[in-house]
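To be precise, the following lines are structure30.txt, and they hold compact mmCIF, C-alpha atoms.
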# COMPACT_ATOMS: atom_id res chain seq x y z
CA MET O 1 69.08 56.40 4.85
CA SER O 2 70.65 59.53 6.35
CA MET O 3 68.72 61.13 9.21
CA SER O 4 68.70 64.88 9.80
CA ALA O 5 69.70 66.31 13.17
CA ASP O 6 67.14 66.18 15.96
CA PRO O 7 67.70 68.77 18.75
CA ARG O 8 66.32 66.26 21.25
CA LEU O 9 69.63 64.40 20.92
CA ILE O 10 72.50 65.98 22.86
CA VAL O 11 75.87 64.34 22.27
CA GLY O 12 78.27 64.56 25.20
CA LEU O 13 81.78 65.47 24.10
CA ASP O 14 83.35 63.52 26.96
CA LEU O 15 86.79 63.50 25.39
CA PRO O 16 90.21 64.22 26.91
CA SER O 17 91.26 67.11 24.67
CA LEU O 18 89.83 70.00 22.68
CA ASP O 19 91.50 68.71 19.53
CA LEU O 20 89.68 65.39 19.85
CA ALA O 21 86.41 67.20 20.55
CA ARG O 22 86.78 69.34 17.44
CA GLU O 23 87.60 66.26 15.40
CA MET O 24 84.47 64.52 16.73
CA VAL O 25 82.25 67.48 15.86
CA ALA O 26 83.70 67.47 12.35
CA ARG O 27 83.08 63.72 11.98
CA LEU O 28 79.48 64.06 13.12
CA GLY O 29 78.86 67.02 10.81
CA GLU O 30 75.22 67.98 10.32
CA THR O 31 74.00 64.78 12.00
CA VAL O 32 74.19 66.42 15.44
CA SER O 33 73.07 69.95 16.30
CA PHE O 34 73.33 69.93 20.11
CA TYR O 35 76.41 69.19 22.24
CA LYS O 36 77.19 68.84 25.93
CA VAL O 37 80.56 70.19 27.05
CA GLY O 38 81.48 68.83 30.47
CA LEU O 39 84.03 69.56 33.14
CA THR O 40 86.95 67.75 31.49
CA LEU O 41 86.88 70.15 28.54
CA LEU O 42 85.58 73.25 30.34
CA ALA O 43 88.49 73.05 32.79
CA ARG O 44 91.09 73.02 30.02
CA PRO O 45 92.66 76.26 28.77
CA GLY O 46 90.34 77.41 26.01
CA GLY O 47 87.54 75.08 27.12
CA VAL O 48 84.91 77.78 27.59
CA ALA O 49 86.04 79.42 24.34
CA PHE O 50 85.46 76.07 22.63
CA ALA O 51 81.87 76.01 23.92
CA HIS O 52 81.39 79.51 22.51
CA GLU O 53 83.00 78.40 19.24
CA LEU O 54 80.40 75.66 18.87
CA ARG O 55 77.59 78.18 19.27
CA ALA O 56 79.21 80.54 16.79
CA ASN O 57 79.17 77.65 14.32
CA GLY O 58 75.42 77.19 14.73
CA LYS O 59 75.32 74.44 17.35
CA GLN O 60 73.33 74.48 20.56
CA VAL O 61 75.50 74.03 23.63
CA PHE O 62 74.90 72.57 27.08
CA GLN O 63 77.64 73.62 29.53
CA ASP O 64 77.59 70.91 32.17
CA TRP O 65 79.18 72.76 35.10
CA LYS O 66 77.01 71.17 37.82
CA LEU O 67 77.51 74.32 39.87
CA HIS O 68 77.48 73.69 43.62
CA ASP O 69 78.53 76.37 46.11
CA ILE O 70 77.03 79.00 48.36
CA GLY O 71 74.24 80.95 46.72
CA ALA O 72 76.30 84.08 46.06
CA GLN O 73 79.03 82.15 44.25
CA VAL O 74 76.53 80.26 42.13
CA GLU O 75 74.78 83.52 41.31
CA GLY O 76 78.02 85.00 40.01
CA ALA O 77 78.97 81.88 38.08
CA ALA O 78 75.53 81.62 36.47
CA ARG O 79 75.74 85.27 35.45
CA SER O 80 79.14 84.67 33.84
CA VAL O 81 77.92 81.63 31.92
CA ALA O 82 74.80 83.42 30.73
CA ASP O 83 76.71 86.56 29.73
CA GLY O 84 79.10 84.45 27.66
CA GLY O 85 76.26 82.78 25.77
CA CYS O 86 75.00 79.30 26.52
CA ASP O 87 71.79 77.34 25.86
CA LEU O 88 71.74 75.12 28.95
CA VAL O 89 73.76 75.11 32.17
CA THR O 90 73.55 72.70 35.10
CA VAL O 91 73.51 73.30 38.85
CA HIS O 92 72.93 70.88 41.69
CA ALA O 93 69.31 70.68 42.81
CA GLU O 94 69.61 72.31 46.22
CA PRO O 95 67.30 75.25 46.91
CA GLN O 96 70.01 77.79 47.80
CA VAL O 97 72.00 76.80 44.72
CA MET O 98 69.01 76.93 42.37
CA ARG O 99 67.81 80.30 43.67
CA GLY O 100 71.29 81.75 43.22
CA ALA O 101 71.48 80.47 39.65
CA VAL O 102 68.08 81.88 38.70
CA LYS O 103 69.02 85.27 40.16
CA GLY O 104 72.36 85.28 38.37
CA ARG O 105 70.92 84.28 35.02
CA GLY O 106 68.50 87.19 35.16
CA SER O 107 66.78 87.89 31.85
CA ALA O 108 69.33 86.03 29.70
CA GLU O 109 68.08 83.22 27.46
CA THR O 110 70.27 80.57 29.11
CA ARG O 111 68.11 77.87 30.64
CA ILE O 112 69.04 76.40 34.00
CA LEU O 113 68.85 72.67 34.64
CA ALA O 114 68.97 71.24 38.14
CA VAL O 115 70.72 67.90 38.54
CA THR O 116 68.52 65.73 40.75
CA VAL O 117 70.39 62.45 41.38
CA LEU O 118 73.36 61.40 39.26
CA THR O 119 72.51 58.43 37.03
CA SER O 120 75.65 56.65 38.25
CA LEU O 121 74.07 56.35 41.73
CA SER O 122 71.94 53.40 42.82
CA ASP O 123 69.76 53.25 45.94
CA ALA O 124 72.62 51.44 47.68
CA ASP O 125 75.02 54.23 46.73
CA LEU O 126 72.66 56.83 48.17
CA GLY O 127 72.48 54.87 51.42
CA GLU O 128 76.26 54.78 51.57
CA ILE O 129 76.39 58.58 51.14
CA GLY O 130 73.91 58.99 53.98
CA TYR O 131 70.56 59.56 52.29
CA GLY O 132 67.61 57.75 53.80
CA GLU O 133 65.59 57.87 50.57
CA THR O 134 65.49 55.88 47.37
CA ALA O 135 66.64 57.57 44.17
CA ALA O 136 63.01 57.92 43.03
CA ALA O 137 61.95 59.60 46.28
CA LEU O 138 64.93 61.95 46.32
CA VAL O 139 64.36 62.90 42.68
CA GLU O 140 60.73 63.71 43.42
CA ARG O 141 61.62 65.94 46.35
CA ARG O 142 64.23 67.78 44.33
CA VAL O 143 61.92 68.21 41.35
CA ARG O 144 59.31 69.86 43.58
CA GLN O 145 62.02 72.18 44.93
CA ALA O 146 63.25 72.93 41.40
CA LEU O 147 59.74 73.93 40.35
CA ASP O 148 59.42 76.17 43.40
CA CYS O 149 62.80 77.83 42.74
CA GLY O 150 61.95 78.68 39.12
CA VAL O 151 64.63 76.76 37.24
CA ASP O 152 63.83 75.71 33.68
CA GLY O 153 64.14 71.95 34.02
CA VAL O 154 65.94 69.05 35.59
CA VAL O 155 68.40 66.34 34.74
CA SER O 156 67.14 62.94 35.87
CA SER O 157 67.34 59.35 34.75
CA PRO O 158 64.85 57.86 32.29
CA HIS O 159 63.39 55.87 35.19
CA GLU O 160 62.07 59.06 36.81
CA ALA O 161 61.13 60.96 33.64
CA ALA O 162 57.42 60.10 33.70
CA ARG O 163 57.02 61.24 37.31
CA VAL O 164 58.96 64.44 36.62
CA ARG O 165 56.70 65.22 33.67
CA GLN O 166 53.62 64.58 35.84
CA LEU O 167 54.87 66.88 38.62
CA ALA O 168 55.63 69.63 36.10
CA ALA O 169 52.15 69.35 34.59
CA GLU O 170 50.56 69.52 38.05
CA ALA O 171 52.57 72.69 38.73
CA GLY O 172 51.35 74.29 35.50
CA ARG O 173 54.79 74.05 33.90
CA PRO O 174 54.29 72.00 30.70
CA GLU O 175 57.39 73.65 29.20
CA PHE O 176 59.59 72.30 32.03
CA LEU O 177 62.61 70.53 30.55
CA VAL O 178 63.32 66.89 31.33
CA VAL O 179 66.85 66.02 30.23
CA THR O 180 67.92 62.42 30.63
CA PRO O 181 71.42 60.99 30.62
CA GLY O 182 71.86 57.25 31.08
CA VAL O 183 70.45 56.58 27.60
CA ARG O 184 71.82 53.49 25.92
CA PRO O 185 70.75 52.15 22.51
CA SER O 186 70.07 48.42 22.24
CA GLY O 187 73.21 46.35 22.73
CA ALA O 188 75.30 49.19 24.17
CA ASP O 189 77.41 48.75 27.30
CA ALA O 190 75.88 50.38 30.40
CA GLY O 191 79.33 51.53 31.58
CA ASP O 192 79.11 53.24 34.99
CA GLN O 193 75.44 54.13 34.59
CA GLN O 194 72.92 52.46 36.91
CA ARG O 195 69.50 53.80 35.84
CA ILE O 196 69.36 53.52 32.05
CA ALA O 197 66.86 53.12 29.20
CA SER O 198 66.78 53.04 25.42
CA PRO O 199 66.31 56.30 23.49
CA ALA O 200 62.72 55.49 22.51
CA ASP O 201 61.74 54.37 26.00
CA ALA O 202 63.22 57.52 27.55
CA LEU O 203 61.26 59.75 25.17
CA ARG O 204 58.04 57.82 25.73
CA ALA O 205 58.54 58.21 29.48
CA GLY O 206 58.56 62.00 29.13
CA ALA O 207 62.13 63.04 28.38
CA GLY O 208 62.47 66.07 26.15
CA HIS O 209 66.20 65.73 25.52
CA LEU O 210 68.53 62.73 25.65
CA VAL O 211 72.21 63.01 26.54
CA VAL O 212 74.33 60.34 24.86
CA ALA O 213 78.12 60.22 24.99
CA ARG O 214 80.01 56.92 24.83
CA PRO O 215 77.61 55.06 22.53
CA VAL O 216 78.38 57.75 19.92
CA ILE O 217 81.87 59.10 20.58
CA ALA O 218 83.40 55.68 21.36
CA ALA O 219 81.82 53.96 18.35
CA PRO O 220 84.01 52.92 15.40
CA ASP O 221 81.76 55.09 13.22
CA PRO O 222 80.32 57.88 15.41
CA ARG O 223 78.18 59.30 12.62
CA ALA O 224 76.54 55.90 11.97
CA ALA O 225 76.00 55.44 15.71
CA ALA O 226 74.28 58.82 15.94
CA GLN O 227 72.18 58.00 12.87
CA ALA O 228 71.03 54.75 14.51
CA ILE O 229 69.92 56.64 17.62
CA LEU O 230 68.13 59.23 15.50
CA SER O 231 66.30 56.43 13.67
CA GLU O 232 65.04 55.06 16.97
CA MET O 233 64.04 58.52 18.15
CA ALA O 234 62.15 59.20 14.91
CA GLY O 235 59.57 56.64 15.94
CA VAL O 236 58.54 58.79 18.91
CA SER O 237 56.78 62.05 18.08
CA ARG O 238 57.91 65.33 19.57
CA PRO O 239 55.65 66.85 22.22
Can you give me the file's structure in the form of structure tokens?
Amino acid sequence: MSMSADPRLIVGLDLPSLDLAREMVARLGETVSFYKVGLTLLARPGGVAFAHELRANGKQVFQDWKLHDIGAQVEGAARSVADGGCDLVTVHAEPQVMRGAVKGRGSAETRILAVTVLTSLSDADLGEIGYGETAAALVERRVRQALDCGVDGVVSSPHEAARVRQLAAEAGRPEFLVVTPGVRPSGADAGDQQRIASPADALRAGAGHLVVARPVIAAPDPRAAAQAILSEMAGVSRP
């Protein structure tokens, strides 16, 4: 049975060209209403215009810039993204960066997400980089900072979603967004992701939105793959 679009599902258009991205959107049709456009497409000529095109066609759009620079540069970039029209934009979860983004966004409706710890990183990877904390501890510290800086939500793995939701509730921010990549339906390849969970488990843990790319866009039938994920999500009520 065909499932209608669920805005909790964000499909990542992690494809090498705008033509392929447009083709994928056409194949998915009304099954998907929310898309993530990442750096590979945004950096191409016409990439930002493509993100605006999606919105003009009634889709919600997550521009995954992962902004990371001095506060003044992030402020200007966030202002540009918000002025152009965007539903979600990402920045790295460092206080100076987050404060700059919030200031730049101003009163625009664009919501700012802070990336806590990339889901491709394990505790061993963090140690290699030079962090003396586990992924869970670093996520918690950055979530507390994100709440203090006034961003709208965070990107974190499904493994930390429950704790993020708890911290947001304690801070009086029940509307705080918890967006989780690293979501893999049953039987899907983990790829380069380290901290993963199924769609249903991620939602039960407290995620409000799931970002799924390869399990949909690399499937022989992307629409059927998206429908299968929607079926699993349907068993978990919306908050």
Practice task
Could you give me, as a VMD selection string, the residues within 7 Å of Asp87 of chain O, counting only C-alpha atoms and dropping anything in the same chain fewer than 2 positions from it?
Solution key: chain O and resid 60 to 62 89 110 to 111
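Across the structure, atom CA of Thr40 of chain O and atom CA of Val151 of chain O are spaced 24.7 Å apart.
Separating atom CA of Pro181 of chain O from atom CA of Val212 of chain O is a distance of 6.5 Å.
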Fill in the blank from the handout: Judged by all atoms listed in the file, the minimum distance to Arg141 of chain O among O:Ala93, O:Glu170, O:Leu113, O:Pro16 is found for O:Ala93
What are the closest atom pairs, with distances in Å to one decimal, for each residue of segment 81-187 of chain O lying within 6 Å of segment 200-207 of chain O, using all atoms listed in the file, rows by chain and rising residue number, as JSON lines?
{"residue": "O:Pro158", "atom": "CA", "partner": "O:Ala202", "partner_atom": "CA", "distance": 5.0}
{"residue": "O:Ala161", "atom": "CA", "partner": "O:Gly206", "partner_atom": "CA", "distance": 5.3}
{"residue": "O:Ala162", "atom": "CA", "partner": "O:Ala205", "partner_atom": "CA", "distance": 4.8}
{"residue": "O:Arg165", "atom": "CA", "partner": "O:Gly206", "partner_atom": "CA", "distance": 5.9}
{"residue": "O:Val178", "atom": "CA", "partner": "O:Ala207", "partner_atom": "CA", "distance": 5.0}
{"residue": "O:Val179", "atom": "CA", "partner": "O:Ala207", "partner_atom": "CA", "distance": 5.9}
Practice task
Could you tell me how far atom CA of Ala21 of chain O lies from atom CA of Gly153 of chain O, in Å and to one decimal?
Solution key: 26.5 Å
Exercise for the section: Would you mind listing what lies within 9 Å of segment 115-122 of chain O as a ChimeraX atom specification, with only C-alpha atoms counted and same-chain residues fewer than 5 positions away left out? Expected result: /O:66,90-94,127,134-136,138-143,146,153-157,180-182,192-196
Mind working out the centre and edge lengths of an axis-aligned box for segment 160-165 of chain O, all listed atoms inside, 8 Å added to each side, rounded to one decimal in Å and written as AutoDock Vina command-line options?
--center_x 59.4 --center_y 62.1 --center_z 35.5 --size_x 21.4 --size_y 22.2 --size_z 19.7
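Closest to Asp83 of chain O among O:Ala108, O:Ala168, O:Ile229, O:Ala101 is O:Ala108, based on only C-alpha atoms.
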Handout entry: segment 42-58 of chain O environment, 12 Å, only C-alpha atoms, sequence neighbours closer than 5 positions dropped, as number ranges by chain
Key = O: 13-22, 25-26, 29-30, 32-37, 63-66, 80-89
Exercise for the section: Measuring atom to atom with all atoms listed in the file, identify which of O:Pro199, O:Asp125, O:Ile217, O:Phe176 is nearest to Leu230 of chain O. Expected result: O:Pro199
Practice task
May I have the residues within 9 Å of Arg27 of chain O as a list in words, using all atoms listed in the file and disregarding those fewer than 3 positions away in the same chain?
Solution key: Arg22, Glu23, Met24, Asp221, Pro222 and Arg223 of chain O
